[in-house]
>>> print(open('upload.cif').read())   # mmCIF, C-alpha atoms
data_upload
loop_
_atom_site.label_atom_id
_atom_site.label_comp_id
_atom_site.auth_asym_id
_atom_site.auth_seq_id
_atom_site.Cartn_x
_atom_site.Cartn_y
_atom_site.Cartn_z
CA MET A 1 -2.66 -17.01 8.31
CA ALA A 2 -6.07 -17.62 6.83
CA ALA A 3 -8.48 -14.77 6.36
CA GLY A 4 -11.31 -16.87 7.77
CA ARG A 5 -14.46 -18.31 6.30
CA LYS A 6 -16.54 -15.81 4.32
CA THR A 7 -20.25 -15.29 4.80
CA ARG A 8 -22.50 -13.24 2.58
CA GLY A 9 -23.12 -9.67 3.68
CA SER A 10 -23.25 -6.04 2.72
CA GLN A 11 -19.92 -4.43 1.84
CA LYS A 12 -21.27 -0.93 2.27
CA GLY A 13 -22.12 -1.26 5.95
CA LYS A 14 -18.79 -2.79 6.94
CA MET A 15 -16.27 -0.71 5.00
CA ILE A 16 -12.80 -0.08 6.46
CA LEU A 17 -10.39 2.58 5.36
CA PHE A 18 -6.65 2.40 5.14
CA ILE A 19 -3.67 4.56 4.30
CA VAL A 20 -0.16 3.68 3.23
CA GLU A 21 1.93 3.05 6.35
CA ILE A 22 -0.58 5.00 8.52
CA VAL A 23 -3.78 3.38 7.36
CA ILE A 24 -5.42 2.18 10.56
CA ILE A 25 -4.63 5.29 12.56
CA ILE A 26 -6.16 7.63 10.00
CA VAL A 27 -9.35 5.59 10.01
CA MET A 28 -9.70 5.65 13.78
CA VAL A 29 -8.87 9.34 14.01
CA VAL A 30 -11.31 10.43 11.32
CA VAL A 31 -14.16 8.34 12.70
CA LEU A 32 -13.70 9.60 16.23
CA TYR A 33 -13.33 13.18 15.12
CA LEU A 34 -16.47 13.19 13.00
CA VAL A 35 -18.54 11.50 15.66
CA MET A 36 -17.42 13.80 18.47
CA ASN A 37 -17.71 17.04 16.52
CA SER A 38 -21.02 18.28 15.15
CA LYS A 39 -19.57 20.55 12.49
CA ALA A 40 -18.01 19.04 9.41
CA ALA A 41 -14.25 18.83 9.24
CA GLU A 42 -12.35 19.98 6.18
CA GLY A 43 -11.27 16.40 5.68
CA PRO A 44 -8.78 14.87 3.30
CA LYS A 45 -8.22 15.88 -0.30
CA LEU A 46 -10.82 13.88 -2.22
CA THR A 47 -11.21 12.53 -5.72
CA ASP A 48 -13.45 9.91 -7.31
CA LEU A 49 -12.15 7.03 -9.40
CA ASP A 50 -14.35 5.99 -12.31
CA PRO A 51 -14.62 2.15 -12.26
CA LYS A 52 -14.72 2.22 -16.07
CA VAL A 53 -11.41 4.07 -16.24
CA VAL A 54 -9.46 1.97 -13.72
CA GLU A 55 -10.04 -1.10 -15.89
CA ILE A 56 -11.52 -3.92 -13.87
CA HIS A 57 -11.61 -6.97 -16.13
CA GLU A 58 -15.09 -8.39 -16.77
CA GLU A 59 -14.08 -11.81 -15.41
CA VAL A 60 -12.93 -10.13 -12.18
CA LYS A 61 -16.25 -8.29 -11.83
CA GLN A 62 -17.99 -11.66 -11.94
CA GLN A 63 -15.77 -12.96 -9.13
CA THR A 64 -16.91 -10.07 -6.89
CA GLU A 65 -20.58 -10.96 -7.25
CA GLU A 66 -22.58 -13.26 -4.98
CA GLY A 67 -20.89 -16.67 -4.93
CA GLY A 68 -17.61 -15.41 -6.43
CA THR A 69 -14.29 -15.92 -4.65
CA MET A 70 -13.73 -12.15 -4.31
CA HIS A 71 -17.21 -11.48 -2.92
CA GLY A 72 -17.18 -10.11 0.63
CA TYR A 73 -13.78 -8.41 0.33
CA MET A 74 -12.80 -4.78 -0.04
CA ASN A 75 -9.45 -3.97 -1.65
CA ILE A 76 -7.77 -0.59 -1.26
CA ALA A 77 -4.59 0.70 -2.92
CA LEU A 78 -2.14 2.41 -0.56
CA PHE A 79 0.50 4.73 -1.99
CA GLY A 80 3.47 6.21 -0.14
CA LEU A 81 4.88 8.93 -2.40
CA ASP A 82 8.23 10.66 -2.75
CA ALA A 83 6.22 13.90 -2.74
CA GLU A 84 7.91 17.02 -1.39
CA THR A 85 4.77 19.19 -1.62
CA ASP A 86 1.03 18.59 -1.25
CA LYS A 87 0.56 19.26 -4.99
CA GLN A 88 2.79 16.31 -5.77
CA LEU A 89 0.28 14.00 -4.08
CA TYR A 90 -1.80 14.30 -7.26
CA SER A 91 0.83 13.36 -9.87
CA ASN A 92 4.46 13.82 -10.89
CA SER A 93 5.55 11.67 -7.95
CA ARG A 94 6.59 8.04 -8.12
CA SER A 95 4.98 5.70 -5.64
CA ASP A 96 7.87 4.90 -3.34
CA SER A 97 5.60 2.36 -1.64
CA THR A 98 2.62 0.55 -3.12
CA MET A 99 0.48 -1.80 -1.06
CA ILE A 100 -2.85 -3.52 -1.41
CA ALA A 101 -4.92 -3.84 1.76
CA SER A 102 -7.48 -6.61 1.32
CA ILE A 103 -10.18 -6.71 3.98
CA ASN A 104 -12.47 -9.65 4.63
CA LEU A 105 -15.60 -7.70 5.52
CA ASP A 106 -17.19 -10.63 7.35
CA THR A 107 -14.28 -11.52 9.64
CA GLY A 108 -12.37 -8.23 9.88
CA ASP A 109 -9.14 -9.95 8.82
CA ILE A 110 -6.75 -7.79 6.80
CA LYS A 111 -3.97 -8.92 4.50
CA LEU A 112 -1.28 -6.60 3.18
CA VAL A 113 0.70 -7.13 -0.02
CA SER A 114 3.53 -4.84 -1.10
CA VAL A 115 3.96 -4.54 -4.87
CA TYR A 116 7.67 -3.95 -5.34
CA ARG A 117 8.24 -0.53 -6.84
CA ASP A 118 10.70 -1.73 -9.51
CA THR A 119 8.47 -4.53 -10.81
CA TYR A 120 8.36 -4.60 -14.61
CA LEU A 121 4.67 -4.38 -15.54
CA ASN A 122 2.18 -2.83 -17.92
CA ILE A 123 1.89 0.66 -16.40
CA GLY A 124 -1.70 1.11 -17.58
CA THR A 125 -1.01 2.45 -21.07
CA ASP A 126 0.24 -0.78 -22.69
CA LYS A 127 3.77 0.46 -22.08
CA TYR A 128 6.01 -1.65 -19.87
CA GLN A 129 8.50 -0.42 -17.28
CA LYS A 130 8.90 -0.07 -13.50
CA CYS A 131 5.40 -0.02 -12.04
CA ASN A 132 6.03 2.96 -9.76
CA ALA A 133 6.12 5.16 -12.87
CA ALA A 134 2.34 4.78 -13.25
CA TYR A 135 1.61 7.25 -10.43
CA SER A 136 4.10 9.74 -11.83
CA PHE A 137 2.51 9.73 -15.28
CA GLY A 138 -1.18 9.54 -14.37
CA GLY A 139 -1.58 9.96 -10.63
CA ALA A 140 -3.68 7.65 -8.49
CA GLU A 141 -6.06 6.83 -11.33
CA GLN A 142 -3.35 5.34 -13.55
CA ALA A 143 -1.63 3.64 -10.60
CA VAL A 144 -4.87 1.91 -9.58
CA LYS A 145 -5.51 0.99 -13.21
CA MET A 146 -2.03 -0.55 -13.34
CA LEU A 147 -2.79 -2.74 -10.32
CA ASN A 148 -6.17 -3.85 -11.65
CA MET A 149 -4.85 -4.66 -15.10
CA ASN A 150 -1.80 -6.66 -14.05
CA LEU A 151 -3.13 -8.37 -10.93
CA ASP A 152 -6.77 -9.11 -11.78
CA MET A 153 -7.94 -6.85 -8.95
CA ASN A 154 -11.12 -4.80 -8.46
CA ILE A 155 -9.70 -1.72 -6.70
CA THR A 156 -11.74 1.48 -6.86
CA ASN A 157 -10.43 3.21 -3.72
CA PHE A 158 -7.01 4.48 -2.71
CA VAL A 159 -5.20 6.57 -0.12
CA ALA A 160 -1.92 8.39 -0.77
CA VAL A 161 0.45 10.12 1.64
CA GLY A 162 3.89 11.73 1.54
CA TYR A 163 6.66 12.08 4.11
CA LYS A 164 4.88 14.82 6.05
CA GLY A 165 1.70 12.87 6.65
CA LEU A 166 3.49 9.77 7.90
CA SER A 167 5.92 11.63 10.14
CA SER A 168 3.24 13.82 11.76
CA VAL A 169 0.98 10.86 12.56
CA ILE A 170 3.79 8.94 14.25
CA ASP A 171 4.82 11.99 16.27
CA GLY A 172 1.20 12.52 17.26
CA LEU A 173 1.14 9.01 18.69
CA GLY A 174 4.31 9.62 20.67
CA GLY A 175 6.41 7.48 18.33
CA VAL A 176 6.40 3.78 17.46
CA TYR A 177 8.46 0.85 18.72
CA VAL A 178 10.78 -0.74 16.16
CA ASP A 179 13.68 -3.21 16.44
CA VAL A 180 16.70 -1.60 14.72
CA ASP A 181 19.54 -3.99 13.87
CA SER A 182 23.20 -3.11 13.34
CA GLU A 183 22.95 -3.02 9.55
CA GLU A 184 19.95 -0.69 9.68
CA LEU A 185 21.68 1.56 12.19
CA ARG A 186 24.42 2.23 9.63
CA HIS A 187 21.90 3.82 7.27
CA ILE A 188 18.93 5.20 9.19
CA ASN A 189 20.54 8.55 10.02
CA ASN A 190 21.58 9.18 6.41
CA TYR A 191 17.97 8.67 5.40
CA GLN A 192 16.90 10.99 8.22
CA ILE A 193 19.04 13.74 6.70
CA GLY A 194 17.30 13.34 3.35
CA VAL A 195 13.78 13.42 4.82
CA ALA A 196 14.69 16.33 7.14
CA ASN A 197 15.88 18.32 4.13
CA VAL A 198 12.52 17.76 2.42
CA LEU A 199 10.52 18.67 5.53
CA LYS A 200 12.91 21.49 6.47
CA CYS A 201 13.31 20.33 10.05
CA ASP A 202 15.98 19.04 12.42
CA TYR A 203 16.51 15.38 13.25
CA THR A 204 17.66 13.35 16.25
CA PRO A 205 20.21 10.63 15.40
CA VAL A 206 19.41 7.02 16.28
CA GLU A 207 22.46 5.89 18.25
CA ASN A 208 21.73 2.34 19.41
CA THR A 209 20.46 -0.95 18.06
CA GLY A 210 17.58 -2.88 19.57
CA TYR A 211 13.87 -2.52 20.20
CA GLN A 212 13.26 1.18 20.81
CA LEU A 213 10.90 4.12 20.43
CA LEU A 214 11.37 6.00 17.15
CA ASN A 215 9.91 9.44 16.48
CA GLY A 216 8.14 10.33 13.23
CA LEU A 217 11.22 11.36 11.28
CA GLN A 218 13.22 8.35 12.49
CA ALA A 219 10.45 5.89 11.63
CA THR A 220 9.92 7.48 8.21
CA ALA A 221 13.64 7.14 7.53
CA TYR A 222 13.49 3.52 8.71
CA CYS A 223 10.79 2.87 6.09
CA ARG A 224 13.13 4.14 3.37
CA ILE A 225 16.23 2.04 4.11
CA ARG A 226 17.18 -0.12 1.13
CA GLN A 227 21.01 -0.29 1.31
CA THR A 228 21.00 -3.53 3.30
CA ALA A 229 20.81 -7.21 2.49
CA GLY A 230 17.50 -7.77 0.77
CA SER A 231 17.47 -4.29 -0.81
CA ASP A 232 13.94 -3.10 -1.68
CA PHE A 233 12.40 -6.42 -0.65
CA MET A 234 13.52 -5.77 2.94
CA ARG A 235 12.48 -2.14 2.71
CA THR A 236 8.88 -3.10 1.98
CA ALA A 237 9.02 -5.48 4.96
CA ARG A 238 10.11 -2.52 7.11
CA GLN A 239 7.20 -0.47 5.80
CA ARG A 240 4.74 -3.17 6.80
CA GLU A 241 6.49 -3.48 10.18
CA VAL A 242 5.99 0.25 10.83
CA LEU A 243 2.35 0.04 9.74
CA MET A 244 1.71 -2.68 12.31
CA ALA A 245 3.63 -0.73 14.97
CA ILE A 246 1.38 2.28 14.30
CA GLU A 247 -1.69 0.10 14.70
CA GLU A 248 -0.38 -1.12 18.05
CA GLN A 249 0.28 2.40 19.32
CA ALA A 250 -3.05 3.72 18.07
CA LYS A 251 -5.05 1.32 20.16
CA LYS A 252 -3.40 2.66 23.32
CA LYS A 253 -4.33 6.31 22.76
CA ASP A 254 -7.27 8.37 24.00
CA LEU A 255 -9.70 10.49 22.02
CA ALA A 256 -7.88 13.77 22.61
CA THR A 257 -4.64 12.37 21.19
CA LEU A 258 -6.33 10.84 18.17
CA THR A 259 -8.27 14.03 17.44
CA LYS A 260 -5.03 16.02 17.49
CA VAL A 261 -3.41 13.54 15.12
CA PHE A 262 -6.32 14.04 12.75
CA ASN A 263 -6.06 17.83 12.87
CA ASP A 264 -2.32 17.73 12.24
CA CYS A 265 -2.24 15.36 9.28
CA ILE A 266 -5.57 15.19 7.46
CA GLY A 267 -4.62 17.97 5.06
CA ASN A 268 -1.67 15.90 3.83
CA ILE A 269 -3.78 12.98 2.62
CA TYR A 270 -5.14 12.39 -0.89
CA THR A 271 -7.91 9.79 -1.14
CA SER A 272 -11.09 8.60 -2.83
CA LEU A 273 -12.81 7.89 0.51
CA ASP A 274 -15.18 10.38 2.09
CA SER A 275 -16.63 11.04 5.53
CA LYS A 276 -19.83 9.14 4.78
CA ASP A 277 -17.81 5.98 4.14
CA ILE A 278 -15.83 6.48 7.31
CA LEU A 279 -18.91 6.85 9.53
CA GLU A 280 -20.19 3.47 8.35
CA LEU A 281 -17.11 1.88 9.88
CA LEU A 282 -17.67 3.05 13.45
CA LYS A 283 -19.47 0.07 14.96
CA ASN A 284 -16.92 -2.42 13.58
CA ILE A 285 -13.60 -0.59 14.02
CA SER A 286 -12.38 -2.75 16.91
CA THR A 287 -12.92 -6.00 14.99
CA TYR A 288 -10.31 -5.39 12.29
CA LYS A 289 -6.83 -6.90 12.51
CA ILE A 290 -3.83 -7.47 10.27
CA VAL A 291 -3.35 -11.23 10.01
CA ALA A 292 -0.84 -11.68 7.17
CA GLU A 293 1.55 -9.74 4.95
CA ASP A 294 3.77 -10.52 1.96
CA GLY A 295 5.27 -9.13 -1.24
CA PHE A 296 4.64 -9.32 -5.00
CA PRO A 297 6.13 -10.89 -7.07
CA GLN A 298 7.05 -13.90 -4.95
CA GLU A 299 10.70 -14.75 -4.32
CA ASP A 300 10.59 -18.06 -6.21
CA MET A 301 8.77 -16.46 -9.16
CA ARG A 302 10.86 -13.37 -9.82
CA GLY A 303 14.22 -12.36 -11.21
CA ASN A 304 16.38 -9.24 -11.24
CA ALA A 305 17.99 -7.71 -14.31
CA ASN A 306 18.89 -4.43 -15.96
CA VAL A 307 16.25 -3.94 -18.64
CA GLY A 308 17.75 -1.53 -21.13
CA ALA A 309 16.88 2.10 -20.46
CA TYR A 310 14.68 1.15 -17.50
CA GLY A 311 17.61 0.01 -15.39
CA ALA A 312 17.41 -2.52 -12.57
CA CYS A 313 13.98 -4.13 -12.54
CA VAL A 314 12.20 -6.84 -10.56
CA ILE A 315 10.86 -9.22 -13.16
CA PRO A 316 7.95 -11.58 -12.57
CA THR A 317 9.27 -14.66 -14.39
CA SER A 318 5.62 -15.59 -14.87
CA LEU A 319 3.11 -12.86 -14.14
CA GLU A 320 0.41 -15.46 -14.58
CA ASP A 321 1.77 -17.71 -11.81
CA ASN A 322 2.26 -14.74 -9.49
CA VAL A 323 -1.34 -13.60 -9.96
CA VAL A 324 -2.55 -17.12 -9.20
CA TRP A 325 -0.51 -16.99 -5.96
CA LEU A 326 -1.93 -13.54 -5.11
CA HIS A 327 -5.52 -14.73 -5.36
CA GLN A 328 -4.71 -17.78 -3.24
CA PHE A 329 -3.11 -15.55 -0.61
CA LEU A 330 -5.76 -12.84 -0.49
CA PHE A 331 -8.96 -14.73 -1.22
CA GLU A 332 -8.12 -18.37 -0.51
CA ASP A 333 -8.94 -19.22 -4.12
CA GLU A 334 -7.08 -22.48 -4.74
CA ASP A 335 -8.35 -22.82 -8.33
CA TYR A 336 -7.90 -19.32 -9.71
CA THR A 337 -7.46 -18.92 -13.46
CA VAL A 338 -6.08 -15.60 -14.64
CA THR A 339 -7.84 -13.49 -17.26
CA ASP A 340 -6.78 -13.54 -20.90
CA SER A 341 -5.44 -10.00 -20.41
CA VAL A 342 -3.04 -11.12 -17.68
CA LYS A 343 -1.92 -14.02 -19.87
CA GLU A 344 -1.14 -11.48 -22.60
CA TYR A 345 0.79 -9.21 -20.21
CA SER A 346 2.69 -12.21 -18.86
CA GLN A 347 3.82 -13.24 -22.33
CA LYS A 348 4.86 -9.67 -23.16
CA ILE A 349 6.93 -9.39 -19.97
CA GLN A 350 8.67 -12.68 -20.72
CA SER A 351 9.37 -11.56 -24.28
CA ASP A 352 10.74 -8.16 -23.19
CA THR A 353 12.97 -9.47 -20.41
CA ALA A 354 14.19 -12.92 -21.46
CA GLN A 355 17.40 -11.63 -23.02
CA TYR A 356 18.28 -9.63 -19.92
CA LEU A 357 17.60 -12.46 -17.48
CA GLN A 358 19.87 -14.78 -19.45
CA ARG A 359 22.91 -12.52 -19.17
#
>>> encode(input="upload.cif", output="structure tokens")
Amino acid sequence: MAAGRKTRGSQKGKMILFIVEIVIIIVMVVVLYLVMNSKAAEGPKLTDLDPKVVEIHEEVKQQTEEGGTMHGYMNIALFGLDAETDKQLYSNSRSDSTMIASINLDTGDIKLVSVYRDTYLNIGTDKYQKCNAAYSFGGAEQAVKMLNMNLDMNITNFVAVGYKGLSSVIDGLGGVYVDVDSEELRHINNYQIGVANVLKCDYTPVENTGYQLLNGLQATAYCRIRQTAGSDFMRTARQREVLMAIEEQAKKKDLATLTKVFNDCIGNIYTSLDSKDILELLKNISTYKIVAEDGFPQEDMRGNANVGAYGACVIPTSLEDNVVWLHQFLFEDEDYTVTDSVKEYSQKIQSDTAQYLQR
């Protein structure tokens, strides 16, 4: 679906905040909590990203200015981590899920793109391997840098969450409705066992297929299923499905419920966004909606191969063509030309992987 026609306006006054798999709920909860309580909340764990460090290409900066195709959008990186402790939100965890939430600030339309975790890219240090390693080596800063470098993006904000944050939010909402098919049913309880071991809690088996209410642990396990047809590509689709299910449930809840969700989970979030940003969202919160979602790289522009020591990788057969598609999808730019840097990365990826793809 189209993101709608852009008009010129202030980004600052219309900012929206997101979080991996629980984005919209966190925004609503924080806004309501801060407005209804006079004393400041402890809030999420905060850090600032230096725009100079996260490497936004000069040509991309020009596109974000008045008249540019990226003007009027805000792009946020969303990281779901395999973190077992709060300290691992900062680094030493691979990003099990990486999404970009692109918000048209004039229309409120949101588009989500999952960047497949095993995609062979420049990880931000001119070394090439699975892109989810970037967070492990350099935390959110390097992971955002990786996205900006490879995808010609202008991301300066992120939100990261682990198993605990996602599970507690879903439980706070009373669960989410998901359609579990027979193939997923074969695996969801095994994934529940793994997540329950991390969180040191019990779990309730999912026993039937069909559209049903899943609790936090069950839905978190559902997001992790990859042993089905479609492998990790289907897993990212499940993650986006749960995100949209959370949005649907959130809009049904009252202030007391949302405030409790905030109190229960805000300490398990790591982000660059602060309370001042959140308050600016209040008057526009009801206007935002997810209108489209997809994955990167695209099915007809990717391959799969074992790349030496890096193992099974998703390979963009042309990073350049995939980035052109991304800018068409997010910003409706039908004439996008990638930066020279992306052309260089694209050639390097082709050089590194050609021999493996031909086997």
>>> closest_residue(input="upload.cif", among="A:Gly67, A:Gly108, A:Gly165, A:Gly139", to="A:Arg94", atoms="all atoms listed in the file")
A:Gly139
>>> axis_aligned_box(input="upload.cif", around="stretch 60-75 of chain A", padding_each_side="6 Å", output="AutoDock Vina command-line options")
--center_x -16.0 --center_y -10.3 --center_z -5.8 --size_x 25.1 --size_y 24.7 --size_z 24.8
>>> closest_residue(input="upload.cif", among="A:Asp171, A:Glu184, A:Lys111, A:Gly80", to="A:Asp294", atoms="all atoms listed in the file")
A:Lys111
>>> atom_distance(input="upload.cif", atom1="atom CA of A:Leu357", atom2="atom CA of A:Pro316")
10.9 Å
>>> residues_near_point(input="upload.cif", point="(8.2, 4.2, 0.8)", cutoff="8 Å", atoms="all atoms listed in the file", output="NGL selection string")
:A and (80-82 or 95-98 or 223-224 or 235-236 or 239)
>>> residues_near_point(input="upload.cif", point="(6.5, -5.7, -14.3)", cutoff="9 Å", atoms="all atoms listed in the file", output="VMD selection string")
chain A and resid 118 to 123 128 to 131 150 297 313 to 316 319 345 to 346 349
>>> atom_distance(input="upload.cif", atom1="atom CA of A:Lys253", atom2="atom CA of A:Tyr163")
22.4 Å
>>> closest_residue(input="upload.cif", among="A:Asp109, A:Glu241, A:Asp48, A:Glu183", to="A:Arg226", atoms="all atoms listed in the file")
A:Glu183
>>> resolve_selection(input="upload.cif", expression="the PyMOL selection byres ((chain A and resi 49) around 7)", output="tab-separated table (two decimals) with C-alpha atoms, in the coordinates of the input")
chain	number	residue	atom	x	y	z
A	47	THR	CA	-11.21	12.53	-5.72
A	48	ASP	CA	-13.45	9.91	-7.31
A	50	ASP	CA	-14.35	5.99	-12.31
A	51	PRO	CA	-14.62	2.15	-12.26
A	141	GLU	CA	-6.06	6.83	-11.33
A	156	THR	CA	-11.74	1.48	-6.86
A	272	SER	CA	-11.09	8.60	-2.83
>>> residues_around(input="upload.cif", residues="stretch 53-62 of chain A", least_positions_apart="5", cutoff="8 Å", atoms="only C-alpha atoms", output="list in words")
Gly68, Glu141, Gln142, Val144, Lys145, Met146, Asn148, Met149, Asp152, Met153, Asn154, Ile155, Thr156 and Thr339 of chain A
>>> atom_distance(input="upload.cif", atom1="atom CA of A:Ala143", atom2="atom CA of A:Phe296")
15.4 Å
>>> residues_around(input="upload.cif", residues="A:Lys343", least_positions_apart="5", cutoff="9 Å", atoms="all atoms listed in the file", output="list in words")
Leu319, Glu320, Val338 and Lys348 of chain A
>>> residues_around(input="upload.cif", residues="stretch 188-204 of chain A", least_positions_apart="4", cutoff="8 Å", atoms="only C-alpha atoms", output="PDB file with C-alpha atoms, keeping the file's coordinate frame")
ATOM      1  CA  GLU A  84       7.910  17.020  -1.390  1.00  0.00           C
ATOM      2  CA  TYR A 163       6.660  12.080   4.110  1.00  0.00           C
ATOM      3  CA  LYS A 164       4.880  14.820   6.050  1.00  0.00           C
ATOM      4  CA  GLU A 184      19.950  -0.690   9.680  1.00  0.00           C
ATOM      5  CA  LEU A 217      11.220  11.360  11.280  1.00  0.00           C
ATOM      6  CA  GLN A 218      13.220   8.350  12.490  1.00  0.00           C
ATOM      7  CA  THR A 220       9.920   7.480   8.210  1.00  0.00           C
ATOM      8  CA  ALA A 221      13.640   7.140   7.530  1.00  0.00           C
ATOM      9  CA  TYR A 222      13.490   3.520   8.710  1.00  0.00           C
ATOM     10  CA  ARG A 224      13.130   4.140   3.370  1.00  0.00           C
ATOM     11  CA  ILE A 225      16.230   2.040   4.110  1.00  0.00           C
TER      12      ILE A 225
END
>>> closest_residue(input="upload.cif", among="A:Leu213, A:Leu89, A:Tyr73, A:Val115", to="A:Ile103", atoms="all atoms listed in the file")
A:Tyr73
>>> resolve_selection(input="upload.cif", expression="the PyMOL selection byres ((chain A and resi 69) around 10)", output="VMD selection string")
chain A and resid 6 60 62 to 68 70 to 73 327 to 328 330 to 336
>>> residues_around(input="upload.cif", residues="A:Glu299", least_positions_apart="3", cutoff="12 Å", atoms="only C-alpha atoms", output="VMD selection string")
chain A and resid 116 230 233 to 234 294 to 296 302 to 304 314 to 318 322 325
>>> closest_residue(input="upload.cif", among="A:Val159, A:Val323, A:Val206, A:Met244", to="A:Ile269", atoms="all atoms listed in the file")
A:Val159
>>> closest_residue(input="upload.cif", among="A:Val176, A:Ser182, A:Val307, A:Glu207", to="A:Ser351", atoms="all atoms listed in the file")
A:Val307
>>> resolve_selection(input="upload.cif", expression="the PyMOL selection byres ((chain A and resi 173) around 8)", output="PDB file with C-alpha atoms, in the frame of the given file")
ATOM      1  CA  VAL A 169       0.980  10.860  12.560  1.00  0.00           C
ATOM      2  CA  ILE A 170       3.790   8.940  14.250  1.00  0.00           C
ATOM      3  CA  ASP A 171       4.820  11.990  16.270  1.00  0.00           C
ATOM      4  CA  GLY A 172       1.200  12.520  17.260  1.00  0.00           C
ATOM      5  CA  GLY A 174       4.310   9.620  20.670  1.00  0.00           C
ATOM      6  CA  GLY A 175       6.410   7.480  18.330  1.00  0.00           C
ATOM      7  CA  VAL A 176       6.400   3.780  17.460  1.00  0.00           C
ATOM      8  CA  GLN A 249       0.280   2.400  19.320  1.00  0.00           C
ATOM      9  CA  ALA A 250      -3.050   3.720  18.070  1.00  0.00           C
ATOM     10  CA  LYS A 253      -4.330   6.310  22.760  1.00  0.00           C
ATOM     11  CA  THR A 257      -4.640  12.370  21.190  1.00  0.00           C
ATOM     12  CA  LEU A 258      -6.330  10.840  18.170  1.00  0.00           C
ATOM     13  CA  VAL A 261      -3.410  13.540  15.120  1.00  0.00           C
TER      14      VAL A 261
END
